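Quick look at structure_12.csv (CSV, C-alpha atoms):
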```csv
chain,number,residue,atom,x,y,z
A,1,MET,CA,35.7,37.2,-19.0
A,2,ARG,CA,32.8,36.4,-16.7
A,3,LYS,CA,31.6,33.7,-19.1
A,4,THR,CA,35.1,32.1,-19.1
A,5,ILE,CA,35.2,32.1,-15.3
A,6,LEU,CA,31.7,30.5,-15.1
A,7,ILE,CA,32.8,27.8,-17.6
A,8,ILE,CA,35.9,27.0,-15.6
A,9,TYR,CA,33.9,26.9,-12.3
A,10,PHE,CA,31.4,24.6,-13.9
A,11,LEU,CA,34.1,22.2,-15.1
A,12,PHE,CA,35.8,22.2,-11.8
A,13,SER,CA,32.5,21.5,-10.0
A,14,PHE,CA,31.7,18.7,-12.4
A,15,VAL,CA,35.1,17.0,-11.7
A,16,ASN,CA,34.4,17.1,-8.0
A,17,VAL,CA,30.9,15.8,-8.2
A,18,PHE,CA,32.2,12.6,-9.7
A,19,SER,CA,35.2,11.0,-8.1
A,20,GLN,CA,37.0,7.8,-7.3
A,21,GLU,CA,35.3,4.8,-5.7
A,22,LEU,CA,36.9,4.5,-2.3
A,23,ASN,CA,36.8,6.7,0.8
A,24,ALA,CA,39.8,5.0,2.5
A,25,THR,CA,41.4,5.8,5.8
A,26,VAL,CA,44.9,4.4,6.3
A,27,SER,CA,46.8,3.9,9.6
A,28,VAL,CA,50.4,2.6,9.9
A,29,ASN,CA,51.5,1.3,13.3
A,30,PHE,CA,55.3,0.9,13.7
A,31,GLN,CA,55.6,0.6,17.5
A,32,GLN,CA,57.4,-2.8,17.1
A,33,VAL,CA,60.1,-1.2,14.9
A,34,ALA,CA,63.1,0.1,16.7
A,35,ASN,CA,65.2,1.3,13.8
A,36,GLY,CA,62.7,3.3,11.7
A,37,ASN,CA,62.4,7.0,11.0
A,38,PRO,CA,58.8,8.0,12.0
A,39,GLN,CA,58.6,10.3,9.0
A,40,LEU,CA,59.1,7.2,6.7
A,41,PHE,CA,56.1,5.5,8.1
A,42,LYS,CA,54.1,8.7,8.0
A,43,ASN,CA,55.0,9.0,4.3
A,44,LEU,CA,54.0,5.4,3.8
A,45,GLU,CA,50.6,6.1,5.3
A,46,THR,CA,50.1,9.2,3.2
A,47,GLN,CA,51.1,7.5,-0.1
A,48,VAL,CA,49.0,4.4,0.5
A,49,LYS,CA,46.0,6.6,1.3
A,50,GLU,CA,46.5,8.7,-1.9
A,51,PHE,CA,46.9,5.6,-4.0
A,52,LEU,CA,43.7,4.0,-2.8
A,53,ASN,CA,41.6,7.2,-3.0
A,54,THR,CA,42.9,8.6,-6.3
A,55,THR,CA,43.2,5.4,-8.4
A,56,LYS,CA,40.2,4.9,-10.7
A,57,TRP,CA,39.2,1.3,-10.0
A,58,THR,CA,36.1,1.1,-12.2
A,59,THR,CA,34.6,2.8,-15.3
A,60,LYS,CA,31.6,3.9,-13.2
A,61,GLU,CA,31.1,7.4,-11.9
A,62,PHE,CA,30.8,7.7,-8.1
A,63,THR,CA,29.5,10.8,-6.3
A,64,ASP,CA,31.1,11.7,-3.0
A,65,VAL,CA,28.1,10.2,-1.1
A,66,GLU,CA,28.5,6.9,-3.1
A,67,LYS,CA,32.1,6.4,-2.1
A,68,ILE,CA,32.8,3.1,-0.2
A,69,ASP,CA,34.0,3.7,3.3
A,70,CYS,CA,36.9,1.4,4.1
A,71,ASN,CA,39.9,1.2,6.5
A,72,PHE,CA,43.4,-0.2,6.0
A,73,PHE,CA,45.4,-0.8,9.2
A,74,ILE,CA,49.0,-1.7,8.5
A,75,ASN,CA,50.9,-3.0,11.5
A,76,VAL,CA,54.7,-3.1,10.7
A,77,THR,CA,56.5,-5.8,12.6
A,78,SER,CA,60.0,-5.3,11.1
A,79,TYR,CA,61.8,-3.1,8.6
A,80,GLY,CA,65.2,-3.0,6.9
A,81,SER,CA,66.6,-2.0,3.5
A,82,ASN,CA,63.3,-0.7,2.3
A,83,THR,CA,61.6,-4.0,3.0
A,84,PHE,CA,58.7,-4.1,5.4
A,85,GLU,CA,57.1,-7.1,7.2
A,86,ALA,CA,53.6,-6.3,8.3
A,87,THR,CA,50.0,-7.5,8.8
A,88,LEU,CA,47.1,-5.8,7.2
A,89,GLN,CA,43.6,-5.4,8.6
A,90,VAL,CA,41.0,-4.4,5.9
A,91,GLN,CA,37.5,-3.3,6.7
A,92,SER,CA,34.7,-1.9,4.6
A,93,SER,CA,31.1,-1.0,5.1
A,94,ARG,CA,28.1,0.2,3.2
A,95,PRO,CA,25.1,2.4,4.1
A,96,ILE,CA,21.8,1.0,5.0
A,97,TYR,CA,18.9,2.5,3.0
A,98,ASN,CA,17.0,5.3,4.5
A,99,SER,CA,19.0,5.4,7.8
A,100,ASN,CA,22.1,6.9,9.3
A,101,PHE,CA,23.7,3.5,9.9
A,102,SER,CA,26.3,1.5,8.0
A,103,SER,CA,26.7,-2.2,7.9
A,104,PRO,CA,30.1,-3.9,7.9
A,105,ILE,CA,30.9,-5.9,4.7
A,106,LEU,CA,34.5,-7.0,5.1
A,107,ASN,CA,36.7,-7.4,8.1
A,108,ILE,CA,39.8,-9.5,7.3
A,109,ASN,CA,43.3,-9.8,8.8
A,110,ASP,CA,46.0,-10.5,6.2
A,111,LYS,CA,49.1,-11.9,8.0
A,112,ASN,CA,51.2,-12.2,4.9
A,113,PHE,CA,52.1,-8.7,4.0
A,114,THR,CA,55.7,-8.2,3.0
A,115,PHE,CA,56.6,-5.4,0.6
A,116,ARG,CA,59.2,-2.9,-0.5
A,117,PHE,CA,58.6,0.8,-0.2
A,118,ILE,CA,60.7,3.7,-1.2
A,119,GLU,CA,59.6,7.2,-0.2
A,120,PHE,CA,58.0,9.3,-2.9
A,121,GLU,CA,58.4,6.5,-5.5
A,122,ALA,CA,55.2,6.6,-7.7
A,123,MET,CA,52.6,3.9,-6.9
A,124,VAL,CA,50.9,2.9,-10.1
A,125,TYR,CA,48.4,0.1,-10.7
A,126,ASP,CA,48.8,-1.7,-13.9
A,127,GLN,CA,46.1,-4.4,-14.3
A,128,ASN,CA,48.2,-6.3,-16.7
A,129,SER,CA,51.5,-6.7,-14.8
A,130,PHE,CA,53.0,-7.2,-11.4
A,131,ASN,CA,55.6,-4.5,-10.4
A,132,SER,CA,55.1,-4.1,-6.6
A,133,ASN,CA,53.7,-6.4,-3.9
A,134,LEU,CA,52.5,-3.3,-2.0
A,135,VAL,CA,50.5,-2.1,-5.0
A,136,ALA,CA,49.3,-5.6,-5.8
A,137,VAL,CA,47.9,-6.2,-2.3
A,138,LEU,CA,46.3,-2.9,-2.1
A,139,ALA,CA,44.7,-3.2,-5.5
A,140,PHE,CA,43.6,-6.7,-4.7
A,141,TYR,CA,41.6,-5.5,-1.6
A,142,ALA,CA,40.4,-2.4,-3.4
A,143,ASN,CA,38.7,-4.7,-6.0
A,144,MET,CA,37.5,-7.1,-3.3
A,145,ILE,CA,35.9,-4.2,-1.5
A,146,ILE,CA,34.2,-2.9,-4.6
A,147,GLY,CA,33.1,-6.4,-5.7
A,148,LEU,CA,31.5,-7.2,-2.3
A,149,ASP,CA,29.9,-3.8,-2.1
A,150,MET,CA,28.2,-4.3,-5.5
A,151,ASP,CA,27.2,-7.9,-4.5
A,152,SER,CA,25.3,-6.4,-1.6
A,153,PHE,CA,23.2,-4.2,-3.9
A,154,ALA,CA,22.6,-6.7,-6.8
A,155,LEU,CA,22.8,-10.4,-7.0
A,156,ASN,CA,26.3,-11.3,-8.2
A,157,GLY,CA,26.7,-7.6,-9.1
A,158,GLY,CA,30.4,-7.5,-8.2
A,159,THR,CA,31.7,-10.3,-10.5
A,160,LYS,CA,33.7,-8.0,-12.7
A,161,TYR,CA,35.7,-6.7,-9.8
A,162,LEU,CA,36.2,-10.1,-8.1
A,163,GLU,CA,37.6,-11.3,-11.4
A,164,ALA,CA,39.9,-8.3,-11.4
A,165,ALA,CA,41.1,-9.4,-8.0
A,166,SER,CA,41.6,-12.9,-9.3
A,167,ASN,CA,43.7,-11.6,-12.1
A,168,ILE,CA,45.9,-9.8,-9.6
A,169,VAL,CA,46.4,-13.2,-7.9
A,170,ASN,CA,47.5,-14.8,-11.1
A,171,LEU,CA,50.0,-12.1,-11.9
A,172,ALA,CA,51.4,-12.1,-8.4
A,173,GLN,CA,51.9,-15.8,-8.0
A,174,PRO,CA,55.3,-16.0,-9.7
A,175,SER,CA,56.7,-13.2,-7.5
A,176,GLY,CA,57.4,-15.5,-4.6
A,177,TYR,CA,55.6,-13.2,-2.1
A,178,LYS,CA,53.4,-15.0,0.4
A,179,GLY,CA,49.6,-14.9,0.3
A,180,TRP,CA,49.1,-15.5,-3.4
A,181,SER,CA,49.5,-19.3,-3.8
A,182,GLN,CA,47.3,-22.3,-3.2
A,183,SER,CA,50.3,-24.3,-2.0
A,184,GLU,CA,51.2,-22.4,1.1
A,185,GLY,CA,49.8,-25.0,3.5
A,186,SER,CA,46.8,-22.9,4.5
A,187,ASN,CA,43.5,-22.1,2.9
A,188,ASN,CA,43.5,-18.7,4.6
A,189,ASN,CA,45.1,-16.4,2.0
A,190,ARG,CA,44.2,-14.1,-0.9
A,191,TYR,CA,44.3,-16.9,-3.4
A,192,PHE,CA,41.6,-18.9,-1.6
A,193,LEU,CA,39.6,-15.8,-0.6
A,194,VAL,CA,38.9,-14.7,-4.2
A,195,SER,CA,38.9,-18.2,-5.9
A,196,ASP,CA,36.2,-19.3,-3.4
A,197,MET,CA,34.1,-16.3,-4.1
A,198,LEU,CA,34.1,-17.0,-7.8
A,199,ALA,CA,33.6,-20.8,-7.4
A,200,THR,CA,30.1,-22.3,-8.0
A,201,THR,CA,30.3,-24.2,-4.7
A,202,PHE,CA,30.3,-20.9,-2.9
A,203,LEU,CA,27.6,-19.1,-4.8
A,204,PRO,CA,25.4,-19.3,-1.6
A,205,TYR,CA,27.8,-16.8,0.0
A,206,ARG,CA,27.2,-14.2,-2.6
A,207,LYS,CA,23.5,-14.8,-2.7
A,208,ALA,CA,23.4,-14.5,1.1
A,209,MET,CA,25.2,-11.1,0.9
A,210,TYR,CA,22.5,-9.8,-1.4
A,211,GLU,CA,19.7,-11.2,0.7
A,212,TYR,CA,21.2,-10.0,3.9
A,213,HIS,CA,21.8,-6.4,2.7
A,214,ARG,CA,19.3,-5.6,-0.1
A,215,LEU,CA,16.4,-7.7,1.0
A,216,GLY,CA,17.1,-7.5,4.7
A,217,LEU,CA,18.8,-4.3,6.0
A,218,ASP,CA,17.6,-2.0,3.2
A,219,THR,CA,13.9,-3.0,3.8
A,220,MET,CA,14.0,-2.4,7.6
A,221,SER,CA,13.0,1.2,7.4
A,222,GLU,CA,9.6,0.1,6.0
A,223,ASP,CA,9.1,-3.2,7.9
A,224,VAL,CA,11.6,-4.1,10.6
A,225,LYS,CA,10.2,-7.6,11.2
A,226,LYS,CA,10.2,-8.5,7.5
A,227,GLY,CA,13.7,-7.2,7.2
A,228,LYS,CA,14.8,-9.4,10.1
A,229,GLU,CA,13.1,-12.4,8.6
A,230,ASN,CA,14.9,-11.9,5.3
A,231,ILE,CA,18.2,-11.7,7.1
A,232,SER,CA,17.4,-14.9,9.0
A,233,ASN,CA,16.7,-16.5,5.6
A,234,SER,CA,20.1,-15.3,4.3
A,235,ILE,CA,21.8,-17.2,7.1
A,236,GLN,CA,19.9,-20.3,5.9
A,237,THR,CA,21.3,-19.6,2.4
A,238,LEU,CA,24.8,-19.3,3.8
A,239,ALA,CA,24.4,-22.6,5.7
A,240,GLU,CA,24.2,-24.4,2.3
A,241,ILE,CA,27.9,-24.1,2.1
A,242,GLN,CA,28.3,-26.1,5.3
A,243,LYS,CA,27.0,-29.3,3.6
A,244,THR,CA,30.0,-29.5,1.3
A,245,ARG,CA,32.6,-27.2,2.8
A,246,PRO,CA,32.3,-27.1,6.6
A,247,ASN,CA,34.4,-24.3,8.4
A,248,SER,CA,35.1,-22.6,5.0
A,249,LEU,CA,37.1,-19.4,4.8
A,250,LEU,CA,34.2,-17.5,3.4
A,251,VAL,CA,31.8,-18.4,6.2
A,252,ARG,CA,34.4,-17.4,8.7
A,253,THR,CA,35.0,-14.2,6.8
A,254,PHE,CA,31.2,-13.4,6.8
A,255,PHE,CA,30.9,-13.8,10.6
A,256,ASP,CA,34.1,-11.9,11.3
A,257,ALA,CA,32.3,-8.9,9.8
A,258,LYS,CA,28.7,-9.7,10.9
A,259,VAL,CA,28.7,-11.4,14.4
A,260,ASP,CA,28.2,-8.2,16.5
A,261,GLU,CA,25.6,-6.8,14.1
A,262,LEU,CA,23.6,-10.0,14.1
A,263,VAL,CA,23.6,-10.2,17.9
A,264,ALA,CA,22.5,-6.6,18.2
A,265,MET,CA,19.8,-7.0,15.6
A,266,PHE,CA,18.2,-10.1,17.0
A,267,SER,CA,18.4,-9.2,20.6
A,268,GLY,CA,15.8,-6.4,20.5
A,269,GLY,CA,13.0,-4.9,18.4
A,270,PRO,CA,10.2,-6.8,16.8
A,271,GLN,CA,10.5,-10.5,17.6
A,272,VAL,CA,10.9,-13.2,15.0
A,273,ASP,CA,11.3,-16.9,15.5
A,274,ASN,CA,14.9,-17.3,16.5
A,275,VAL,CA,14.9,-21.0,17.2
A,276,LYS,CA,16.0,-22.1,13.7
A,277,LEU,CA,18.3,-19.1,13.4
A,278,LEU,CA,20.2,-20.0,16.6
A,279,GLU,CA,20.4,-23.6,15.6
A,280,THR,CA,22.0,-22.6,12.3
A,281,LEU,CA,24.3,-20.0,13.7
A,282,ASN,CA,25.7,-22.4,16.3
A,283,LYS,CA,26.1,-25.1,13.6
A,284,ILE,CA,28.0,-23.0,11.0
A,285,SER,CA,29.8,-20.6,13.4
A,286,PRO,CA,30.4,-22.5,16.7
A,287,LEU,CA,33.3,-20.3,17.7
A,288,ASN,CA,30.8,-17.5,18.3
A,289,SER,CA,28.5,-19.6,20.4
A,290,GLN,CA,28.9,-17.4,23.5
A,291,LYS,CA,27.7,-14.4,21.5
A,292,TRP,CA,24.8,-16.3,19.9
A,293,ASN,CA,23.7,-17.1,23.4
A,294,ARG,CA,22.9,-13.4,23.9
A,295,ILE,CA,20.2,-13.7,21.2
A,296,ARG,CA,16.7,-14.2,22.8
```

Structure rendered as structure tokens:
Amino acid sequence: MRKTILIIYFLFSFVNVFSQELNATVSVNFQQVANGNPQLFKNLETQVKEFLNTTKWTTKEFTDVEKIDCNFFINVTSYGSNTFEATLQVQSSRPIYNSNFSSPILNINDKNFTFRFIEFEAMVYDQNSFNSNLVAVLAFYANMIIGLDMDSFALNGGTKYLEAASNIVNLAQPSGYKGWSQSEGSNNNRYFLVSDMLATTFLPYRKAMYEYHRLGLDTMSEDVKKGKENISNSIQTLAEIQKTRPNSLLVRTFFDAKVDELVAMFSGGPQVDNVKLLETLNKISPLNSQKWNRIR
């Protein structure tokens, strides 16, 4: 009997050591909705969180400490007949080696988030079909988060998951929901986000993500100045995109996540030559020029 209990305990412990990839928090704001039952939106929040955190997105084994921290903020603007109109803010971060700090990886606001939701209806991700825009959008960003996280640890390490996100785009395009097509009159949607990341033209973005995090932030515990120099070099890598695609979506996405971190990093600590860095930052991200002026 004791032996049986120990075996059961061991198996239970083993299952809990290895878990799904995401540590997602979900928040649903419905203040703009006058005709909704608060419990409905609470159930939406709960089911989305369970879907993100219990779906197995990769074949890899993640321990609890390896889970990727991410946030999904759903702002519902209208609701009727089980159909929701909303915006979605997605954020993710990754730990910095040998420190208690995390670095933001993704911070994006998706303004085309319309979906149907029926309470307690199962949310199931099928990588080979499109059945729900809610599931498709969440699965798209789950794969984007994992892909970018892996890119930050190994050069082009997240290709498999970016390709999975691209496959979701292809399956979702015939649905008619906004955000999936290249013909919507804007290059600021899910289609362009992932297609740019996989395009040869934008390889400097993915290289910069690796240089910034693995060669820069992760080395700062041993040599802060060297780490900052590598981060400065990563900005020069990112600037290569400007030559052919000025004001690109990916460069804007990079700075939406990184602007405050960069200002804080280069405004104190061991000094490096910021002249070229500032020149490049103002050239490729002029909208943040007031913040760049705080770097000395």

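Here CA of Val275 in chain A stands at a distance of 14.4 Å from CA of Leu262 in chain A.
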
Original post:
For Asn29 in chain A, which of A:Glu85, A:Glu229, A:Asp126, A:Asp64 is the closest residue, counting only C-alpha atoms?
Top reply: A:Glu85

Give me the range 77-108 of chain A side of the contact with range 141-157 of chain A, cut-off 9 Å, one line per residue showing its nearest atom pair and distance in Å at one decimal, counting only C-alpha atoms, sorted by chain and residue number, as a tab-separated table.
```
residue	atom	partner	partner_atom	distance
A:Val90	CA	A:Tyr141	CA	7.6
A:Gln91	CA	A:Ile145	CA	8.4
A:Ser92	CA	A:Ile145	CA	6.6
A:Ser93	CA	A:Asp149	CA	7.8
A:Arg94	CA	A:Asp149	CA	6.9
A:Ile105	CA	A:Leu148	CA	7.1
A:Leu106	CA	A:Ile145	CA	7.3
```

Original post:
How many Å separate CA of Thr114 in chain A from CA of Asn128 in chain A?
Top reply: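 Spanning CA of Thr114 in chain A to CA of Asn128 in chain A is a straight-line distance of 21.2 Å.
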
**OP:** Calculate how many Å separate CA of Thr59 in chain A from CA of Gln47 in chain A, rounding to one decimal.
**Re:**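 Rounded to one decimal, the two atoms are 22.9 Å apart.
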
**OP:** Pick out the closest residue to Val135 in chain A from this set: A:Thr63, A:Trp292, A:Ile118, A:Val48. Count all atoms listed in the file.
**Re:**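 Of A:Thr63, A:Trp292, A:Ile118, A:Val48, the one nearest Val135 in chain A, counting all atoms listed in the file, is A:Val48.
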
Original post:
From the list A:Asn112, A:Gln271, A:Thr87, A:Thr55, which residue is nearest Phe72 in chain A when using only C-alpha atoms?
Top reply: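 Looking at the shortest contact to Phe72 in chain A, the residue is A:Thr87.
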